[in-house]
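So this block is structure-v2.csv, CSV, C-alpha atoms:
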chain,number,residue,atom,x,y,z
A,1,MET,CA,126.3,63.5,-153.9
A,2,SER,CA,126.4,60.7,-151.3
A,3,THR,CA,128.7,57.9,-150.4
A,4,GLU,CA,127.5,54.4,-149.3
A,5,PHE,CA,129.6,51.8,-147.6
A,6,SER,CA,129.3,48.9,-145.1
A,7,VAL,CA,131.5,47.3,-142.5
A,8,HIS,CA,132.0,43.5,-142.6
A,9,TYR,CA,133.8,40.7,-140.9
A,10,PRO,CA,136.3,39.3,-143.4
A,11,ASN,CA,135.6,35.7,-144.6
A,12,ALA,CA,138.2,32.9,-144.3
A,13,GLN,CA,139.8,33.6,-147.7
A,14,GLU,CA,140.2,37.3,-146.9
A,15,ARG,CA,141.6,36.6,-143.5
A,16,ALA,CA,144.1,34.2,-145.1
A,17,ALA,CA,145.3,36.9,-147.5
A,18,ALA,CA,146.0,39.4,-144.7
A,19,ASN,CA,145.6,39.7,-141.0
A,20,PHE,CA,142.8,42.3,-140.8
A,21,GLN,CA,139.7,42.2,-138.6
A,22,ARG,CA,137.2,44.3,-140.5
A,23,LEU,CA,136.6,45.2,-144.1
A,24,ILE,CA,134.9,48.4,-145.3
A,25,LYS,CA,133.3,47.9,-148.7
A,26,VAL,CA,132.7,51.2,-150.4
A,27,ARG,CA,130.1,51.4,-153.2
A,28,GLY,CA,131.9,52.5,-156.4
A,29,GLY,CA,135.2,52.8,-154.6
A,30,ASN,CA,138.2,50.9,-153.1
A,31,ALA,CA,137.9,48.8,-150.0
A,32,VAL,CA,139.4,49.8,-146.7
A,33,TYR,CA,141.1,47.3,-144.4
A,34,VAL,CA,141.0,47.5,-140.6
A,35,GLN,CA,143.7,46.0,-138.4
A,36,GLY,CA,144.1,46.3,-134.6
A,37,ALA,CA,142.9,45.3,-131.2
A,38,PHE,CA,139.3,44.3,-131.0
A,39,PRO,CA,138.8,43.2,-127.3
A,40,SER,CA,135.8,41.2,-126.3
A,41,GLU,CA,132.6,42.8,-124.9
A,42,GLY,CA,132.8,44.3,-121.4
A,43,THR,CA,136.2,46.0,-121.9
A,44,ALA,CA,136.2,48.9,-119.4
A,45,ASP,CA,135.5,52.3,-121.0
A,46,GLY,CA,136.9,51.2,-124.4
A,47,GLY,CA,140.6,51.7,-123.3
A,48,GLY,CA,141.7,48.7,-125.2
A,49,ARG,CA,140.2,49.7,-128.5
A,50,ARG,CA,142.8,50.7,-131.0
A,51,PHE,CA,143.0,50.1,-134.7
A,52,THR,CA,144.4,51.4,-138.0
A,53,LEU,CA,142.7,51.7,-141.4
A,54,PHE,CA,144.6,50.8,-144.5
A,55,VAL,CA,144.0,51.2,-148.2
A,56,ASP,CA,145.8,47.9,-148.9
A,57,GLN,CA,145.5,44.4,-147.6
A,58,ALA,CA,149.2,44.2,-146.8
A,59,GLY,CA,148.9,47.0,-144.3
A,60,SER,CA,151.6,49.2,-145.9
A,61,ALA,CA,149.5,52.2,-146.7
A,62,PRO,CA,147.8,53.6,-143.6
A,63,LEU,CA,144.8,55.8,-143.9
A,64,CYS,CA,144.4,56.8,-140.2
A,65,SER,CA,144.7,55.3,-136.7
A,66,VAL,CA,142.3,55.3,-133.8
A,67,ALA,CA,143.4,55.1,-130.1
A,68,ARG,CA,142.6,56.4,-126.7
A,69,ARG,CA,143.9,59.8,-125.8
A,70,THR,CA,146.6,59.0,-123.2
A,71,ALA,CA,147.6,62.6,-122.6
A,72,ARG,CA,144.3,63.3,-120.8
A,73,PRO,CA,143.8,61.0,-117.9
A,74,HIS,CA,140.2,62.1,-117.5
A,75,ALA,CA,139.3,61.8,-121.2
A,76,GLY,CA,137.1,58.7,-120.4
A,77,ALA,CA,136.3,56.7,-123.6
A,78,ASP,CA,137.4,59.4,-126.0
A,79,LEU,CA,139.2,57.9,-129.0
A,80,VAL,CA,141.3,60.1,-131.2
A,81,VAL,CA,141.6,59.7,-135.0
A,82,THR,CA,145.0,60.7,-136.4
A,83,GLY,CA,146.3,60.7,-139.9
A,84,PRO,CA,149.6,59.0,-141.0
A,85,ASP,CA,151.4,62.3,-140.3
A,86,GLY,CA,150.1,62.5,-136.7
A,87,VAL,CA,147.6,65.3,-137.4
A,88,GLU,CA,144.4,64.9,-135.3
A,89,LEU,CA,141.4,64.4,-137.6
A,90,GLY,CA,138.7,64.1,-135.0
A,91,VAL,CA,137.6,62.7,-131.7
A,92,LEU,CA,135.1,59.9,-131.2
A,93,ARG,CA,133.1,59.6,-128.0
A,94,LEU,CA,131.7,56.2,-127.2
A,95,PRO,CA,128.5,55.4,-125.4
A,96,THR,CA,128.7,55.1,-121.6
A,97,PRO,CA,129.1,51.4,-120.6
A,98,GLY,CA,125.9,50.1,-119.0
A,99,GLY,CA,124.1,53.4,-119.7
A,100,GLY,CA,121.1,51.5,-121.2
A,101,GLY,CA,118.5,53.3,-123.4
A,102,ARG,CA,119.7,54.5,-126.8
A,103,PRO,CA,123.5,54.3,-127.0
A,104,ARG,CA,124.9,57.7,-128.0
A,105,TYR,CA,127.9,58.1,-130.4
A,106,GLU,CA,129.5,61.5,-131.0
A,107,MET,CA,132.0,62.7,-133.6
A,108,GLN,CA,133.9,65.9,-132.9
A,109,LEU,CA,135.7,67.4,-135.8
A,110,PRO,CA,138.7,69.9,-135.7
A,111,ASP,CA,136.5,72.8,-137.0
A,112,GLY,CA,134.3,72.5,-133.9
A,113,THR,CA,131.5,70.6,-135.5
A,114,SER,CA,130.0,67.8,-133.3
A,115,LEU,CA,127.7,65.2,-134.7
A,116,VAL,CA,125.6,63.0,-132.4
A,117,GLY,CA,123.9,59.7,-133.3
A,118,ARG,CA,121.6,57.7,-131.1
A,119,ARG,CA,120.8,54.1,-132.0
A,120,GLY,CA,117.2,53.9,-133.0
A,121,THR,CA,115.8,57.0,-134.7
A,122,ALA,CA,112.3,58.3,-134.0
A,123,GLY,CA,111.0,57.1,-137.4
A,124,ALA,CA,112.5,53.6,-136.8
A,125,TRP,CA,110.8,53.4,-133.4
A,126,ILE,CA,107.4,54.4,-134.8
A,127,LEU,CA,107.7,51.8,-137.5
A,128,TYR,CA,108.8,49.2,-134.9
A,129,VAL,CA,105.7,50.0,-132.7
A,130,LEU,CA,103.4,49.7,-135.7
A,131,LEU,CA,104.8,46.4,-136.8
A,132,SER,CA,105.3,44.8,-133.4
A,133,PRO,CA,102.0,42.9,-133.5
A,134,LEU,CA,103.1,41.3,-136.7
A,135,LEU,CA,106.5,40.5,-135.3
A,136,LEU,CA,104.9,38.9,-132.3
A,137,VAL,CA,102.7,36.7,-134.4
A,138,TYR,CA,105.7,35.8,-136.6
A,139,ASN,CA,107.8,34.8,-133.6
A,140,VAL,CA,105.0,32.8,-131.9
A,141,ALA,CA,104.3,30.9,-135.1
A,142,GLY,CA,108.0,30.1,-135.5
A,143,LEU,CA,108.3,29.0,-131.9
A,144,VAL,CA,105.2,26.8,-132.0
A,145,GLY,CA,106.2,25.4,-135.4
A,146,GLY,CA,109.7,24.6,-134.3
A,147,TYR,CA,111.4,26.9,-136.9
A,148,GLY,CA,113.9,28.2,-134.5
A,149,ARG,CA,114.4,30.8,-131.8
A,150,PRO,CA,112.4,34.1,-131.8
A,151,ASP,CA,113.9,36.8,-134.0
A,152,TRP,CA,113.2,40.1,-132.2
A,153,HIS,CA,115.6,43.0,-132.8
A,154,LEU,CA,115.2,46.6,-131.5
A,155,PRO,CA,115.6,49.4,-134.0
A,156,SER,CA,119.2,50.0,-134.9
A,157,ARG,CA,118.9,52.8,-137.5
A,158,THR,CA,121.3,55.7,-136.4
A,159,ALA,CA,121.4,59.2,-137.7
A,160,TRP,CA,124.3,61.5,-136.9
A,161,ARG,CA,123.1,65.2,-136.7
A,162,PRO,CA,124.7,68.4,-135.5
A,163,LYS,CA,124.8,68.6,-131.7
A,164,GLY,CA,122.2,71.0,-130.3
A,165,GLY,CA,120.4,71.2,-133.6
A,166,LEU,CA,116.7,70.8,-134.3
A,167,GLY,CA,117.2,67.4,-135.9
A,168,LEU,CA,115.6,68.5,-139.2
A,169,GLY,CA,116.7,67.8,-142.8
A,170,LEU,CA,118.9,65.1,-144.1
A,171,ALA,CA,121.4,63.6,-141.6
A,172,PRO,CA,125.1,64.0,-142.7
A,173,LEU,CA,125.7,60.4,-141.7
A,174,LYS,CA,123.1,57.6,-141.4
A,175,PHE,CA,123.2,53.9,-140.7
A,176,TYR,CA,120.3,51.8,-142.1
A,177,GLY,CA,119.7,48.7,-139.9
A,178,MET,CA,117.8,46.8,-142.4
A,179,THR,CA,120.6,46.8,-144.9
A,180,ASP,CA,123.6,47.4,-142.6
A,181,LYS,CA,124.7,50.2,-144.8
A,182,TYR,CA,126.1,53.7,-144.0
A,183,LYS,CA,125.3,56.7,-146.1
A,184,VAL,CA,127.3,60.0,-146.0
A,185,ARG,CA,125.6,63.0,-147.4
A,186,ALA,CA,128.0,65.8,-146.4
A,187,SER,CA,131.0,66.3,-148.6
A,188,ARG,CA,132.7,68.3,-145.8
A,189,LEU,CA,133.0,65.2,-143.5
A,190,ASP,CA,136.4,63.6,-143.5
A,191,MET,CA,135.8,60.0,-144.7
A,192,ARG,CA,138.6,58.7,-142.5
A,193,VAL,CA,136.8,59.9,-139.4
A,194,VAL,CA,133.5,58.5,-140.8
A,195,TYR,CA,135.0,55.1,-141.5
A,196,ALA,CA,136.5,55.0,-138.0
A,197,GLN,CA,133.1,55.9,-136.4
A,198,ALA,CA,131.4,53.2,-138.5
A,199,VAL,CA,133.9,50.5,-137.3
A,200,LEU,CA,133.2,51.4,-133.6
A,201,HIS,CA,129.4,51.5,-134.3
A,202,GLU,CA,129.5,48.1,-135.9
A,203,TRP,CA,131.7,46.8,-133.1
A,204,ASP,CA,129.2,47.7,-130.5
A,205,GLY,CA,126.3,46.6,-132.6
Mind converting the file's structure to structure tokens?
Amino acid sequence: MSTEFSVHYPNAQERAAANFQRLIKVRGGNAVYVQGAFPSEGTADGGGRRFTLFVDQAGSAPLCSVARRTARPHAGADLVVTGPDGVELGVLRLPTPGGGGRPRYEMQLPDGTSLVGRRGTAGAWILYVLLSPLLLVYNVAGLVGGYGRPDWHLPSRTAWRPKGGLGLGLAPLKFYGMTDKYKVRASRLDMRVVYAQAVLHEWDG
């Protein structure tokens, strides 16, 4: 059994109803609302990133909170996910600022499991290379015809797999760039940590 969801910017009507910055729409389930600090791009090592997930628009029923670990001065961009009772649910490691290449996102769970996702899977890059001539023709035609600016996006599909594994089989968590949807295939994953990782992934996207 799998769970599908997507992360959205709330529209004007939704923002008027409550002051939340992101909305997680879950297929066949209830929405999750995100409130907190969403600094602009270029924030040093993600220290200003902090937010809380709620099950209601009013923000009275918290699901979990995400903030930098202040007790460890050398923790870098590690962000800790905690439940409403203060119990640590997992640690999220952000990509290194200015690292270039394929940004790396890591989820570390309390049981010792670490899942690593890199933006742009091998399959997505192969498809991108095969279709790049068509994309080039499409963009040139649009530019010459005056239909707008070129539309050229690098592969964004991301698959989170066990750290140190062979990368075989179905990924426990996957982001599909074409549809902007996330799919969770592992029932043992804490959805609160997964939702928090998706918010950070969309934030950097």
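The list of residues within 12 Å of (148.8, 61.9, -142.9), counted using all atoms listed in the file, is Leu53, Phe54, Ala61, Pro62, Leu63, Cys64, Ser65, Val81, Thr82, Gly83, Pro84, Asp85, Gly86, Val87, Glu88, Leu89 and Arg192 of chain A.
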Check: Please, which residues are within 6 Å of (143.1, 49.9, -149.2) by the file's coordinates, counting only C-alpha atoms, and could they come as an MDAnalysis selection string?
Finding: chainID A and resid 31:33 54:56
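Here atom CA of A:Pro103 is placed at a distance of 10.5 Å from atom CA of A:Val116.
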Item checked: Test item: residues at most 12 Å from A:Leu170, all atoms listed in the file, excluding those fewer than 5 positions along its chain, as a PyMOL selection string -> chain A and resi 2+159-162+183-186
Writer output for current selection, C-alpha atoms, as a compact mmCIF listing (two decimals), in the coordinates of the input:
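What ended up in again.txt:
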# COMPACT_ATOMS: atom_id res chain seq x y z
CA SER A 2 126.40 60.70 -151.30
CA ALA A 159 121.40 59.20 -137.70
CA TRP A 160 124.30 61.50 -136.90
CA ARG A 161 123.10 65.20 -136.70
CA PRO A 162 124.70 68.40 -135.50
CA LYS A 183 125.30 56.70 -146.10
CA VAL A 184 127.30 60.00 -146.00
CA ARG A 185 125.60 63.00 -147.40
CA ALA A 186 128.00 65.80 -146.40
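Of note, atom CA of A:Arg157 and atom CA of A:Phe175 are spaced 5.5 Å apart.
Nearest residue to A:Thr158, choosing from A:Asp180, A:Ala196, A:Gly117, A:Pro95 and counting only C-alpha atoms: A:Gly117.
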Item checked: Which residue of A:Val199, A:Ala171, A:Met191, A:Leu23 approaches A:Asn11 most closely, using all atoms listed in the file -> A:Leu23
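Interatomic distance, atom CA of A:Ala198 to atom CA of A:Arg15: 20.1 Å.
For the choices A:Arg119, A:Gln197, A:Ala37, A:Gly164, the atom-to-atom distance to A:Tyr176 is smallest for A:Arg119 when using only C-alpha atoms.
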